[in-house]
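This report refers to the structure that appears directly beneath it.
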Amino acid sequence: MGWSRLHGLFAVYKPPGLNWKHLRDTVESQLLKGLNAEKRFTPQEHIRFLLAPTEENERKELTLIATNVPVLSEHPLVRGLNYTSVKVGVGHRLDVKSSGVLVLGVGRGNKLLTDIHNAHLTKDYTVRGLLGKATDDFTDEGRLIEKTTYDHITQEKLSRILAVIQGSHQKALVMHSNLNLKTQEAYEMAVKGLIRPMCKTPMLITGIRCLQFAPPEFLLEIQCMHETQQLLRRMVHEIGLELKSAAVCTQVRRTRDGVFTLEDALLRTQWDMHSIQKSIQKVAPRVEAELKKCQTVGPVQRGLVGQPAS
Amino acid sequence: MALPFSRYPMKIRNFIIITQIRNHFTRPRKTILHCLLALPQQSSGSFLHWRFKNYRTSSLWNSSQAPSSTGQDNISAQYTHPTSLNELLLKTEVTNFDSQISLEELDDLSPISPLQQISEEDALQIVAEPPLPPASFTLRDYVDRSKTLQKLVLLGVNLSKLEKRPGAGNLLLRLDFENDIQKILLFLKDIGVEDNQLGAFLTKNYIILNEDLENLRTRVAYLESKKFNKTDISRMIINAPYLLSFPVDRLDNRLGFFQKELGLNVQKTRDLVIRLPRLLTGSLEPVKENMKVYRLQLGFKHNEIQHMVTRIPKILTASKRKLTETFDYVHNVMHIPHHLIVKFPQVFNSKLLRVKERNSFLTYLGRAQYDPQKPNYISLDKLVSIPDEEFCKEIAKASLQDFEMFLKTL
């Protein structure tokens, strides 16, 4: 009964420094623990004909008596655990250093993970940067490559560069989404902000802005798709170079993955079957609605694609 | 003549008769011997003699129609062999009776013919159940028919876990509860293992069922000679079930190792082993490694290590990667000096993620103050060991919701 309500998607908050594989294994073992704790053993009995004790007579009387004997082969100590494996799948990955919303699928929910992946939804990140130094892996823990000054950087300069980045990515977005912008439908979709590529593309940033600028630190909010966390760190590095300085990325945190927001994400202490069940039930209608929307958008776009505008 | 014959179990009797008749003309010597050997041991000596006699007489009766029991009816009806051959057989058989015949040869015997007549009594005892599988992956197939397994299950032994261990299934099936298992259980109860702990104990260490009782006694006597009192011994055995499977010289070596490696006196070594008997049964390699890690990598002094180990013995078996990571964070990020860590060794036992989360929350609130000389001091012990609710209320002085909100910004 518990298992039937577990199929679906839910989000967890991955703390930094934890591998997503370990996270998945932890969730899996917690689910197994919950599922196995649930079912209680109901002793079954079967009828056996046992020999009755015979009296010492001249001629031995053999009688059989029907008796109920418990079926020990169904005993939990003999049968073992009811559930030995649960399929837990991971949506868009997060690498070890980054943190944030990570979508997991349980049971038949794993199919939805594929649908979510094919829907090419955008994700939100907050990225924290530190000006004044550059390292080989773009994080503050890597090997130091150079140190620079950052006194000349102002918020306007940063915003200008962010605007340039957003503009160039907007152009790439339209190109990759294979739309002829001269059609009425495409125009309407663009107005609604619905255009997005439906195939594999390089990283596309649909929105980027600075939330906080307090040199040497700055905090960016990025809306993007087809990213990896390392690409985002590299972008911070490149922003630093554009500002005629250098920058490393101290934090990458995903605040939204498709329909899953920070509020939906379960913390480490909440990774038990009951909370996961509740979370799955809560999110399910939203996931379904979003996937339906994508299915209606999909064909229209494909119809519009036709031949690329020459 | 028929009375002692019927003393023997019905099936075996039938079996003997049938096989003898079937094979008599083809290879008489061998088959007779086989059948006898298949009998239970108790009957081998005296049975042999009168069995042969019986055989001979029944053949003599062939002409006079004497026997009354159904089994002998069968013989006399079909038996037409001359008596002289039987006497000759008797002579040769008894001389080479000692030769061992394996069980495999028994299997070669052809099964009972379906047309064979059987008595009413025999028919009653035939159970129309599927035969036991000769080989199986699981003990589930046997548990409903094996008295030993049934008793073990009722004791609380987890057979589903045991059957995964190589050799365990075969061992358990061969054991007899009355003869083999009961004495060990009584011995364990004498040492002080409670009834409800026996199941868990045997699930861990089923090998003890195969152990010689004398060996176990000497091992317990050894522990007693080392001045462990009775409650301590029972505690140790429950917490480390394999303790009794170690021979005395290995136990002695291991006790000596801890005494020498840690440089503790006898009483303290005893306390250490009583608190964590797993040290004695586990591998010693990690312990050696951890000692090196504490001394060389983390830079604790010898007396500091002694102090920490006597407080929390478990830090000897922790993984060294976890140790270094925890120490790195506590010492280099939280800036807690060695002498304070020595006072709170439980920090090595706690989850690193939890330490990180709580420290960063306190830092965010501006309450991360780990210096005992200054006000608002937070001890490491309190930081790591109390649950989230208490931590928020007593140390962070914030609500649990705030803490959770904060965790989602990490």
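Starting from 1 in every chain, residues are counted up; chains themselves are A, B, ... following the order of the structure tokens, and ligands are numbered from 1 as listed.
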- Task: Using only C-alpha atoms, determine which residues lie at most 8 Å from Leu276 (chain B), disregarding the query and same-chain residues fewer than 4 positions distant; provide the list as an MDAnalysis selection string.
- Result: chainID B and resid 236 239 272 313:314
- Query: Got a sec to pull out which chain A residues are within 10 Å of chain B, counting only C-alpha atoms, and send them as a PyMOL selection string?
  - Reply: chain A and resi 13-18+48-51+60-64+69-81+98-101+126+251-255+262-263+265-269
Output C-alpha atoms for every residue in that selection, as an mmCIF file, in the first residue's frame.
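Wrote result_22.cif, looks like this:
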```
data_model
loop_
_atom_site.group_PDB
_atom_site.id
_atom_site.type_symbol
_atom_site.label_atom_id
_atom_site.label_comp_id
_atom_site.auth_asym_id
_atom_site.auth_seq_id
_atom_site.Cartn_x
_atom_site.Cartn_y
_atom_site.Cartn_z
ATOM 1 C CA TYR A 13 18.125 19.582 -1.250
ATOM 2 C CA LYS A 14 21.611 18.314 -1.933
ATOM 3 C CA PRO A 15 24.125 19.751 0.526
ATOM 4 C CA PRO A 16 27.510 20.748 -0.887
ATOM 5 C CA GLY A 17 30.223 18.132 -0.566
ATOM 6 C CA LEU A 18 27.965 15.132 -1.068
ATOM 7 C CA ARG A 48 -1.224 -31.479 8.019
ATOM 8 C CA PHE A 49 -2.377 -35.014 8.779
ATOM 9 C CA LEU A 50 -0.270 -36.117 11.668
ATOM 10 C CA LEU A 51 -0.113 -39.593 13.134
ATOM 11 C CA LYS A 60 -1.604 -51.219 16.108
ATOM 12 C CA GLU A 61 -4.248 -48.617 15.295
ATOM 13 C CA LEU A 62 -2.984 -45.966 12.965
ATOM 14 C CA THR A 63 -5.075 -42.864 12.840
ATOM 15 C CA LEU A 64 -4.364 -39.545 11.249
ATOM 16 C CA VAL A 69 0.558 -26.183 11.650
ATOM 17 C CA PRO A 70 2.013 -22.712 11.113
ATOM 18 C CA VAL A 71 3.687 -22.262 7.752
ATOM 19 C CA LEU A 72 7.194 -21.314 8.729
ATOM 20 C CA SER A 73 8.408 -20.834 5.175
ATOM 21 C CA GLU A 74 6.402 -17.592 5.134
ATOM 22 C CA HIS A 75 7.921 -16.370 8.387
ATOM 23 C CA PRO A 76 9.752 -13.045 7.937
ATOM 24 C CA LEU A 77 12.911 -14.510 9.406
ATOM 25 C CA VAL A 78 12.894 -17.179 6.728
ATOM 26 C CA ARG A 79 11.540 -15.196 3.814
ATOM 27 C CA GLY A 80 13.745 -12.205 4.322
ATOM 28 C CA LEU A 81 12.785 -8.637 3.634
ATOM 29 C CA SER A 98 27.419 22.382 -5.882
ATOM 30 C CA SER A 99 24.238 22.269 -3.849
ATOM 31 C CA GLY A 100 20.544 22.751 -4.365
ATOM 32 C CA VAL A 101 17.407 21.191 -5.741
ATOM 33 C CA THR A 126 22.432 31.398 -7.738
ATOM 34 C CA GLN A 251 29.129 28.585 -4.639
ATOM 35 C CA VAL A 252 26.792 27.135 -7.216
ATOM 36 C CA ARG A 253 23.333 26.522 -5.909
ATOM 37 C CA ARG A 254 20.309 25.409 -7.879
ATOM 38 C CA THR A 255 17.137 27.069 -6.630
ATOM 39 C CA LEU A 262 13.302 25.320 -3.106
ATOM 40 C CA GLU A 263 10.163 24.869 -1.005
ATOM 41 C CA ALA A 265 13.087 20.234 -1.680
ATOM 42 C CA LEU A 266 13.459 17.893 1.273
ATOM 43 C CA LEU A 267 16.329 18.431 3.667
ATOM 44 C CA ARG A 268 18.689 15.669 4.786
ATOM 45 C CA THR A 269 16.678 15.056 7.942
#
```
- Mind checking which residues fall within 12 Å of Ser275 (chain A), counting only C-alpha atoms, ignoring those fewer than 4 positions away in the same chain, and posting them as a list in words?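 Selected residues are Arg5, Leu6, Phe10, Ala11, Val12, Val27, Gln30, Leu31, Gly34, Asp264, Ala265, Leu266, Leu267, Arg268, Thr269, Gln270, Trp271, Ser279, Ile280, Gln281 and Lys282 of chain A.
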Expected file: the selected residues, N, CA, C and O atoms, as a compact mmCIF listing (two decimals), in the first residue's frame:
```txt
# COMPACT_ATOMS: atom_id res chain seq x y z
N ARG A 5 1.83 4.25 -3.45
CA ARG A 5 1.76 5.71 -3.41
C ARG A 5 3.13 6.35 -3.54
O ARG A 5 3.30 7.53 -3.36
N LEU A 6 4.12 5.53 -3.85
CA LEU A 6 5.48 6.07 -3.91
C LEU A 6 5.96 6.38 -5.33
O LEU A 6 7.01 6.96 -5.51
N PHE A 10 10.10 13.57 -6.80
CA PHE A 10 10.21 14.50 -5.68
C PHE A 10 11.58 15.15 -5.73
O PHE A 10 12.46 14.72 -6.49
N ALA A 11 11.75 16.20 -4.93
CA ALA A 11 13.02 16.94 -4.95
C ALA A 11 13.66 16.88 -3.58
O ALA A 11 12.98 16.88 -2.56
N VAL A 12 14.97 16.79 -3.57
CA VAL A 12 15.71 16.88 -2.31
C VAL A 12 16.67 18.07 -2.42
O VAL A 12 16.98 18.53 -3.51
N VAL A 27 18.90 7.78 0.06
CA VAL A 27 17.44 7.84 -0.09
C VAL A 27 16.87 6.45 -0.31
O VAL A 27 15.85 6.07 0.28
N GLN A 30 16.79 4.52 2.87
CA GLN A 30 15.74 5.02 3.75
C GLN A 30 14.37 4.55 3.30
O GLN A 30 13.53 4.17 4.13
N LEU A 31 14.16 4.55 1.98
CA LEU A 31 12.87 4.08 1.46
C LEU A 31 12.67 2.61 1.78
O LEU A 31 11.59 2.19 2.21
N GLY A 34 11.69 2.17 5.31
CA GLY A 34 10.30 2.51 5.54
C GLY A 34 9.36 1.44 5.03
O GLY A 34 8.40 1.06 5.70
N ASP A 264 9.87 22.83 -2.31
CA ASP A 264 9.57 21.41 -2.45
C ASP A 264 10.71 20.52 -1.98
O ASP A 264 10.50 19.35 -1.67
N ALA A 265 11.92 21.08 -1.94
CA ALA A 265 13.09 20.23 -1.68
C ALA A 265 13.10 19.76 -0.23
O ALA A 265 12.84 20.53 0.70
N LEU A 266 13.40 18.48 -0.07
CA LEU A 266 13.46 17.89 1.27
C LEU A 266 14.89 17.97 1.79
O LEU A 266 15.84 17.64 1.08
N LEU A 267 15.00 18.36 3.06
CA LEU A 267 16.33 18.43 3.67
C LEU A 267 16.79 17.04 4.11
O LEU A 267 16.00 16.11 4.18
N ARG A 268 18.08 16.96 4.44
CA ARG A 268 18.69 15.67 4.79
C ARG A 268 17.93 14.94 5.88
O ARG A 268 17.83 13.71 5.89
N THR A 269 17.39 15.70 6.83
CA THR A 269 16.68 15.06 7.94
C THR A 269 15.28 14.57 7.54
O THR A 269 14.66 13.81 8.27
N GLN A 270 14.83 15.00 6.37
CA GLN A 270 13.46 14.62 5.96
C GLN A 270 13.44 13.51 4.93
O GLN A 270 12.41 13.25 4.32
N TRP A 271 14.58 12.87 4.72
CA TRP A 271 14.60 11.80 3.71
C TRP A 271 14.08 10.49 4.29
O TRP A 271 14.79 9.50 4.33
N SER A 279 5.56 14.38 -0.30
CA SER A 279 6.12 15.28 -1.31
C SER A 279 5.72 14.85 -2.71
O SER A 279 5.35 15.68 -3.55
N ILE A 280 5.78 13.53 -2.95
CA ILE A 280 5.43 13.02 -4.28
C ILE A 280 3.98 13.35 -4.60
O ILE A 280 3.64 13.82 -5.70
N GLN A 281 3.09 13.11 -3.62
CA GLN A 281 1.68 13.38 -3.85
C GLN A 281 1.43 14.86 -4.11
O GLN A 281 0.58 15.24 -4.91
N LYS A 282 2.20 15.69 -3.43
CA LYS A 282 1.98 17.13 -3.55
C LYS A 282 2.42 17.65 -4.92
O LYS A 282 1.77 18.49 -5.53
```
- From the list A:Pro197, A:Pro216, A:Gly91, A:Pro202, which residue is nearest Asp115 (chain A) when using only C-alpha atoms?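 Smallest separation from Asp115 (chain A) among the options: A:Gly91.
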- Those of region 22-249 of chain A in DSSP strand (DSSP E), formatted as JSON, numbers by chain: {"A": [45, 46, 47, 48, 49, 50, 51, 64, 65, 66, 67, 68, 69, 70, 88, 89, 90, 99, 100, 101, 102, 103, 104, 105, 106, 123, 124, 125, 126, 127, 128, 129, 130, 131, 133, 134, 135, 144, 145, 146, 147, 204, 205, 206, 207, 208, 209, 210, 211, 212, 213, 214, 217, 218, 219, 220, 221, 222, 223, 224, 225, 247, 248, 249]}
Shell around Phe344 (chain B) at 12 Å using only C-alpha atoms, local window under 4 positions removed, as an mmCIF file with all heavy atoms, in the first residue's frame:
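Contents of the output file out-v4.cif:
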```
data_model
loop_
_atom_site.group_PDB
_atom_site.id
_atom_site.type_symbol
_atom_site.label_atom_id
_atom_site.label_comp_id
_atom_site.auth_asym_id
_atom_site.auth_seq_id
_atom_site.Cartn_x
_atom_site.Cartn_y
_atom_site.Cartn_z
ATOM 1 N N GLU B 304 47.535 11.995 24.836
ATOM 2 C CA GLU B 304 46.247 12.513 24.354
ATOM 3 C C GLU B 304 45.449 11.412 23.662
ATOM 4 O O GLU B 304 44.232 11.297 23.852
ATOM 5 C CB GLU B 304 46.485 13.677 23.383
ATOM 6 C CG GLU B 304 46.968 14.925 24.071
ATOM 7 C CD GLU B 304 47.293 16.043 23.094
ATOM 8 O OE1 GLU B 304 47.644 15.748 21.933
ATOM 9 O OE2 GLU B 304 47.200 17.210 23.488
ATOM 10 N N ILE B 305 46.158 10.613 22.874
ATOM 11 C CA ILE B 305 45.465 9.505 22.200
ATOM 12 C C ILE B 305 44.903 8.541 23.240
ATOM 13 O O ILE B 305 43.751 8.094 23.151
ATOM 14 C CB ILE B 305 46.425 8.767 21.249
ATOM 15 C CG1 ILE B 305 46.955 9.728 20.200
ATOM 16 C CG2 ILE B 305 45.719 7.602 20.574
ATOM 17 C CD1 ILE B 305 48.004 9.133 19.316
ATOM 18 N N HIS B 307 44.001 9.144 26.234
ATOM 19 C CA HIS B 307 42.842 9.745 26.882
ATOM 20 C C HIS B 307 41.600 9.624 25.999
ATOM 21 O O HIS B 307 40.528 9.219 26.457
ATOM 22 C CB HIS B 307 43.142 11.209 27.177
ATOM 23 C CG HIS B 307 42.021 11.918 27.857
ATOM 24 N ND1 HIS B 307 41.756 11.791 29.195
ATOM 25 C CD2 HIS B 307 41.058 12.741 27.367
ATOM 26 C CE1 HIS B 307 40.709 12.514 29.510
ATOM 27 N NE2 HIS B 307 40.257 13.098 28.415
ATOM 28 N N MET B 308 41.767 9.957 24.710
ATOM 29 C CA MET B 308 40.617 9.916 23.799
ATOM 30 C C MET B 308 40.093 8.494 23.652
ATOM 31 O O MET B 308 38.883 8.258 23.643
ATOM 32 C CB MET B 308 41.025 10.451 22.424
ATOM 33 C CG MET B 308 41.214 11.940 22.391
ATOM 34 S SD MET B 308 41.113 12.580 20.736
ATOM 35 C CE MET B 308 42.532 11.882 19.986
ATOM 36 N N VAL B 309 41.012 7.524 23.548
ATOM 37 C CA VAL B 309 40.596 6.142 23.328
ATOM 38 C C VAL B 309 39.858 5.602 24.553
ATOM 39 O O VAL B 309 38.846 4.904 24.421
ATOM 40 C CB VAL B 309 41.819 5.271 22.993
ATOM 41 C CG1 VAL B 309 41.476 3.808 23.107
ATOM 42 C CG2 VAL B 309 42.302 5.577 21.609
ATOM 43 N N THR B 310 40.312 5.948 25.734
ATOM 44 C CA THR B 310 39.602 5.449 26.913
ATOM 45 C C THR B 310 38.244 6.120 27.056
ATOM 46 O O THR B 310 37.310 5.521 27.569
ATOM 47 C CB THR B 310 40.424 5.665 28.192
ATOM 48 O OG1 THR B 310 40.970 6.978 28.153
ATOM 49 C CG2 THR B 310 41.546 4.650 28.303
ATOM 50 N N ARG B 311 38.131 7.369 26.568
ATOM 51 C CA ARG B 311 36.809 8.021 26.619
ATOM 52 C C ARG B 311 35.866 7.390 25.603
ATOM 53 O O ARG B 311 34.754 6.988 25.926
ATOM 54 C CB ARG B 311 36.941 9.524 26.322
ATOM 55 C CG ARG B 311 37.612 10.333 27.394
ATOM 56 C CD ARG B 311 36.656 10.776 28.504
ATOM 57 N NE ARG B 311 35.396 11.308 28.031
ATOM 58 C CZ ARG B 311 35.195 12.587 27.735
ATOM 59 N NH1 ARG B 311 36.166 13.460 27.871
ATOM 60 N NH2 ARG B 311 34.017 12.996 27.340
ATOM 61 N N ILE B 312 36.292 7.360 24.342
ATOM 62 C CA ILE B 312 35.445 6.846 23.261
ATOM 63 C C ILE B 312 36.263 5.805 22.488
ATOM 64 O O ILE B 312 37.006 6.148 21.575
ATOM 65 C CB ILE B 312 35.019 7.973 22.300
ATOM 66 C CG1 ILE B 312 34.473 9.158 23.044
ATOM 67 C CG2 ILE B 312 34.046 7.449 21.255
ATOM 68 C CD1 ILE B 312 33.004 9.202 23.209
ATOM 69 N N ILE B 315 36.535 5.452 18.331
ATOM 70 C CA ILE B 315 37.327 6.218 17.359
ATOM 71 C C ILE B 315 38.485 5.398 16.823
ATOM 72 O O ILE B 315 39.114 5.792 15.846
ATOM 73 C CB ILE B 315 37.851 7.543 17.965
ATOM 74 C CG1 ILE B 315 38.746 7.266 19.155
ATOM 75 C CG2 ILE B 315 36.730 8.463 18.355
ATOM 76 C CD1 ILE B 315 39.461 8.504 19.618
ATOM 77 N N VAL B 330 37.261 20.726 11.782
ATOM 78 C CA VAL B 330 37.186 21.213 13.167
ATOM 79 C C VAL B 330 38.403 22.060 13.506
ATOM 80 O O VAL B 330 38.296 23.104 14.156
ATOM 81 C CB VAL B 330 37.054 20.011 14.138
ATOM 82 C CG1 VAL B 330 37.176 20.463 15.574
ATOM 83 C CG2 VAL B 330 35.730 19.331 13.926
ATOM 84 N N ILE B 336 39.624 25.083 16.333
ATOM 85 C CA ILE B 336 39.616 24.517 17.675
ATOM 86 C C ILE B 336 40.956 23.811 17.895
ATOM 87 O O ILE B 336 41.337 22.951 17.107
ATOM 88 C CB ILE B 336 38.447 23.525 17.831
ATOM 89 C CG1 ILE B 336 37.147 24.308 17.732
ATOM 90 C CG2 ILE B 336 38.521 22.791 19.164
ATOM 91 C CD1 ILE B 336 35.928 23.487 17.783
ATOM 92 N N PRO B 337 41.673 24.183 18.943
ATOM 93 C CA PRO B 337 43.008 23.607 19.159
ATOM 94 C C PRO B 337 42.943 22.159 19.613
ATOM 95 O O PRO B 337 41.887 21.667 20.047
ATOM 96 C CB PRO B 337 43.608 24.505 20.243
ATOM 97 C CG PRO B 337 42.433 25.070 20.952
ATOM 98 C CD PRO B 337 41.350 25.204 19.954
ATOM 99 N N HIS B 338 44.108 21.482 19.559
ATOM 100 C CA HIS B 338 44.174 20.060 19.892
ATOM 101 C C HIS B 338 43.638 19.761 21.293
ATOM 102 O O HIS B 338 42.888 18.817 21.487
ATOM 103 C CB HIS B 338 45.624 19.559 19.800
ATOM 104 C CG HIS B 338 46.052 19.272 18.413
ATOM 105 N ND1 HIS B 338 46.519 20.231 17.561
ATOM 106 C CD2 HIS B 338 46.069 18.109 17.718
ATOM 107 C CE1 HIS B 338 46.815 19.703 16.407
ATOM 108 N NE2 HIS B 338 46.553 18.419 16.463
ATOM 109 N N HIS B 339 44.040 20.594 22.271
ATOM 110 C CA HIS B 339 43.714 20.229 23.654
ATOM 111 C C HIS B 339 42.214 20.271 23.898
ATOM 112 O O HIS B 339 41.697 19.574 24.772
ATOM 113 C CB HIS B 339 44.468 21.131 24.644
ATOM 114 C CG HIS B 339 44.054 22.568 24.604
ATOM 115 N ND1 HIS B 339 43.038 23.059 25.362
ATOM 116 C CD2 HIS B 339 44.526 23.609 23.877
ATOM 117 C CE1 HIS B 339 42.889 24.351 25.118
ATOM 118 N NE2 HIS B 339 43.796 24.708 24.215
ATOM 119 N N LEU B 340 41.484 21.064 23.096
ATOM 120 C CA LEU B 340 40.027 21.067 23.240
ATOM 121 C C LEU B 340 39.400 19.857 22.558
ATOM 122 O O LEU B 340 38.419 19.296 23.043
ATOM 123 C CB LEU B 340 39.444 22.347 22.650
ATOM 124 C CG LEU B 340 39.220 23.488 23.629
ATOM 125 C CD1 LEU B 340 38.563 24.647 22.921
ATOM 126 C CD2 LEU B 340 38.349 23.036 24.791
ATOM 127 N N PHE B 348 34.730 13.028 16.590
ATOM 128 C CA PHE B 348 35.178 12.134 15.517
ATOM 129 C C PHE B 348 34.114 11.101 15.172
ATOM 130 O O PHE B 348 34.187 10.449 14.149
ATOM 131 C CB PHE B 348 36.459 11.409 15.934
ATOM 132 C CG PHE B 348 37.655 12.303 15.933
ATOM 133 C CD1 PHE B 348 38.333 12.565 17.106
ATOM 134 C CD2 PHE B 348 38.105 12.892 14.776
ATOM 135 C CE1 PHE B 348 39.435 13.392 17.116
ATOM 136 C CE2 PHE B 348 39.190 13.724 14.778
ATOM 137 C CZ PHE B 348 39.866 13.981 15.952
ATOM 138 N N ASN B 349 33.174 10.925 16.060
ATOM 139 C CA ASN B 349 32.122 9.944 15.836
ATOM 140 C C ASN B 349 30.926 10.515 15.108
ATOM 141 O O ASN B 349 30.109 9.784 14.592
ATOM 142 C CB ASN B 349 31.631 9.423 17.183
ATOM 143 C CG ASN B 349 32.194 8.086 17.489
ATOM 144 O OD1 ASN B 349 32.698 7.430 16.584
ATOM 145 N ND2 ASN B 349 32.123 7.679 18.724
ATOM 146 N N SER B 350 30.806 11.856 15.108
ATOM 147 C CA SER B 350 29.591 12.456 14.568
ATOM 148 C C SER B 350 29.736 12.658 13.073
ATOM 149 O O SER B 350 30.816 12.570 12.502
ATOM 150 C CB SER B 350 29.331 13.780 15.250
ATOM 151 O OG SER B 350 30.465 14.579 15.097
ATOM 152 N N ILE B 378 30.388 27.603 23.494
ATOM 153 C CA ILE B 378 29.638 26.419 23.039
ATOM 154 C C ILE B 378 30.588 25.231 23.003
ATOM 155 O O ILE B 378 31.591 25.262 22.288
ATOM 156 C CB ILE B 378 29.036 26.666 21.649
ATOM 157 C CG1 ILE B 378 27.924 27.694 21.752
ATOM 158 C CG2 ILE B 378 28.489 25.369 21.076
ATOM 159 C CD1 ILE B 378 27.493 28.243 20.445
ATOM 160 N N SER B 379 30.283 24.217 23.783
ATOM 161 C CA SER B 379 31.192 23.065 23.812
ATOM 162 C C SER B 379 30.965 22.209 22.573
ATOM 163 O O SER B 379 29.865 22.137 22.033
ATOM 164 C CB SER B 379 30.976 22.261 25.071
ATOM 165 O OG SER B 379 29.815 21.491 24.934
ATOM 166 N N LEU B 380 32.050 21.552 22.155
ATOM 167 C CA LEU B 380 31.972 20.692 20.966
ATOM 168 C C LEU B 380 30.973 19.568 21.184
ATOM 169 O O LEU B 380 30.242 19.186 20.277
ATOM 170 C CB LEU B 380 33.338 20.069 20.718
ATOM 171 C CG LEU B 380 34.281 20.765 19.764
ATOM 172 C CD1 LEU B 380 35.505 19.908 19.578
ATOM 173 C CD2 LEU B 380 33.592 20.971 18.437
ATOM 174 N N ASP B 381 30.961 19.071 22.392
ATOM 175 C CA ASP B 381 30.073 17.970 22.738
ATOM 176 C C ASP B 381 28.622 18.337 22.452
ATOM 177 O O ASP B 381 27.878 17.603 21.793
ATOM 178 C CB ASP B 381 30.306 17.658 24.226
ATOM 179 C CG ASP B 381 29.267 16.718 24.772
ATOM 180 O OD1 ASP B 381 28.906 15.813 24.019
ATOM 181 O OD2 ASP B 381 28.850 16.899 25.928
ATOM 182 N N LYS B 382 28.244 19.547 22.908
ATOM 183 C CA LYS B 382 26.863 19.986 22.687
ATOM 184 C C LYS B 382 26.607 20.239 21.210
ATOM 185 O O LYS B 382 25.516 19.990 20.711
ATOM 186 C CB LYS B 382 26.606 21.277 23.467
ATOM 187 C CG LYS B 382 26.225 21.014 24.898
ATOM 188 C CD LYS B 382 25.550 22.219 25.479
ATOM 189 C CE LYS B 382 24.919 21.874 26.799
ATOM 190 N NZ LYS B 382 24.472 23.061 27.504
ATOM 191 N N LEU B 383 27.610 20.728 20.529
ATOM 192 C CA LEU B 383 27.434 21.046 19.119
ATOM 193 C C LEU B 383 27.079 19.808 18.311
ATOM 194 O O LEU B 383 26.244 19.863 17.415
ATOM 195 C CB LEU B 383 28.724 21.675 18.570
ATOM 196 C CG LEU B 383 28.666 22.103 17.122
ATOM 197 C CD1 LEU B 383 27.965 23.435 16.999
ATOM 198 C CD2 LEU B 383 30.052 22.209 16.526
ATOM 199 N N VAL B 384 27.722 18.686 18.632
ATOM 200 C CA VAL B 384 27.532 17.526 17.766
ATOM 201 C C VAL B 384 26.492 16.540 18.261
ATOM 202 O O VAL B 384 25.903 15.822 17.458
ATOM 203 C CB VAL B 384 28.865 16.772 17.536
ATOM 204 C CG1 VAL B 384 29.836 17.653 16.813
ATOM 205 C CG2 VAL B 384 29.448 16.277 18.832
ATOM 206 N N SER B 385 26.251 16.468 19.575
ATOM 207 C CA SER B 385 25.519 15.290 20.032
ATOM 208 C C SER B 385 24.019 15.508 20.216
ATOM 209 O O SER B 385 23.264 14.545 20.191
ATOM 210 C CB SER B 385 26.135 14.757 21.323
ATOM 211 O OG SER B 385 26.198 15.790 22.260
#
```
- Item | CA of Arg24 (chain A) to CA of Arg234 (chain A), straight-line distance in Å | 27.1 Å
- With distances taken over only C-alpha atoms, which of A:Gly8, A:Ala284, A:Glu185, A:His274 is nearest to Gly109 (chain A)?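 Looking only at the distances to Gly109 (chain A), the closest residue turns out to be A:Gly8.
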- Message: Among region 25-153 of chain A, which ones does DSSP assign to alpha helix (DSSP H) (computed from the backbone)? Answer as a PyMOL selection string.
- Response: chain A and resi 25-38+76-79+109-119
- Message: Neighbouring residues of Leu113 (chain A) were defined as those with any atom within 12 Å, considering only C-alpha atoms; residues of the same chain fewer than 3 positions away were excluded. Please report them as an NGL selection string.
- Response: :A and (7-11 or 88-93 or 102-110 or 116-121 or 257-258 or 287-288 or 291)
- Item | Test item: residues at most 10 Å from Gly282 (chain B), only C-alpha atoms, excluding those fewer than 3 positions along its chain, as a PyMOL selection string | chain B and resi 240+242-243+254+277-279+285-287+317
